[in-house]
Amino acid sequence: AQSFRQEERSALLQLLLVAVRRWSRLAGRLAVPLLDAFLGAADGEKDPRCLLLAFEAVEALCEMHHAPGVDAAPLRQLGDEVADWASSYFPISFNPPPNLARGPAAITRADLSSALETALAASPFLAGGVLPLLVEKLSSTYRPAKEDSLSALRRCCPAYGADALGPHVRQIWLALRAEVMAPCGYGGAAAVAPGGGAGGLGSETDSRLALATLAASCLTVVTRAAGPGAIDSMALQDACVGDLLSVIRTAGSPAHASSASAAVVRADGQVLCGCMVLAAVAAAGPASLSRTHTVVLVQVQSLLADSLTPADADQTCDRRADQTLYGATVLATVVDAVAAELRKTCTGRSFGGEVSRAVAAAPSVQTWHAPSAADGLAALAEVKGVLLAGLAVVHARLYPEAGSQCDADSAELGAGGQQGTATRSGGYAAAAADVMAMDTMSPADRAQPVSFAQPKGYG
């Protein structure tokens, strides 16, 4: 087909699209080899105008073979070939020529990338050829390849479904874990932006953190798509979660108080990245949140309570300030991530029209509003209650003169992580602001001792 001119190849692909869309059932019943015809017509295609049509044809052909009454065997048999053809263009590398750079006929790299993602996600029969490629590209040092891989995983995994994802969940989890944990040195290839990557250590750290945030968002989507007990179980049993709990425990010891600045910064990084993993998994759905609560968050709640309850009269809370901060940060990060998912469900139910129906049909909305969500939402309420009670205690110690804003009796935090009913909100908001302000300090500032010294006269 590449011996024909661009206009002729474009007309051929347009004809194929018309045939698929208008006579798909007839073609399916007559076993017309449209897939074979497509692979022959699109082989070696490089013109961006024709590629947009070709990617659209992949979507249309897959939709045709999944239609009721149409035999899916041809797509099942040729799925790997279709995936190989589409994958050969991933990630898109495209600098538009002058005639396509502007005007009504303009084609951008984003246009091609979006069309390619749609093609890759068109059928579960493509999963075997696509997912290993996306995992491989995620380990690239080329930043656009990483970003495109994360975007494609977000698009493909929900479209493929849990059965197609099953053989690949471990590889996907390990790849995403490496990216989320990269800022604290757990893995993940350092990404190089197009044009170099100069900018010093600070810019490299910011770049890794930005990619880690994208990877965490992708982890939520993939965990939900894989179903309860798949990726979430792997994540909660991973060493990074065990290390997170170990850091929080150690933060309450005399050894941590005397640690060098580098050790404190390293602990901060482990907490930051570990929080992102936990929050991403918990936000995947009520079942994942409930599992995260049972396996990890109950321990964090207890550690937070312990950090606010001196073991003896001679022990002050100053030395355990980091343990309080780490515990509160973990709980706050999880609550914030789940709240973001719940806000999506509220958007789908609060506004009328087509947008509302589209949002309400999203997997995240359906997951959080299913009857089985009760246990997960109960766990969220408990975590939030413990967090608020802990912040109230911190606020009372930092600002005893503002005691009227915070009812100490109603916000008492016990050693077991239990709390009373919070009746005042002003003190909680101020306490949350204090903790979040400390959490957003630079690593250098966080390395300095944080004093929770009690004002004179505080009992």
# chains A, B, ... in the order shown; residues from 1 in each chain; ligands from 1
call {"tool": "residues_around", "arguments": {"residues": "stretch 207-211 of chain A", "least_positions_apart": "3", "cutoff": "8 Å", "atoms": "only C-alpha atoms", "output": "CSV table (one decimal) with C-alpha atoms, in the first residue's frame"}}
result
chain,number,residue,atom,x,y,z
A,147,GLU,CA,4.3,10.1,30.6
A,179,GLU,CA,8.0,5.3,39.7
A,180,VAL,CA,6.1,6.2,42.8
A,182,ALA,CA,11.7,7.0,42.8
A,183,PRO,CA,11.9,10.3,44.7
A,190,ALA,CA,15.7,9.2,36.1
A,191,ALA,CA,13.6,10.9,33.4
A,203,SER,CA,14.8,20.3,39.1
A,204,GLU,CA,15.6,16.6,39.0
A,214,LEU,CA,1.3,10.8,37.9
A,215,ALA,CA,2.3,7.2,38.6
call {"tool": "select_by_dssp", "arguments": {"residues": "stretch 27-173 of chain A", "states": "helix (DSSP H, G or I)", "output": "PyMOL selection string"}}
result
chain A and resi 27-29+34-42+48-65+73-87+98-101+109-120+124-138+143-160+162-173
call {"tool": "closest_residue", "arguments": {"among": "A:Ala321, A:Leu377, A:Leu61, A:Cys50", "to": "A:Arg397", "atoms": "only C-alpha atoms"}}
result
A:Ala321
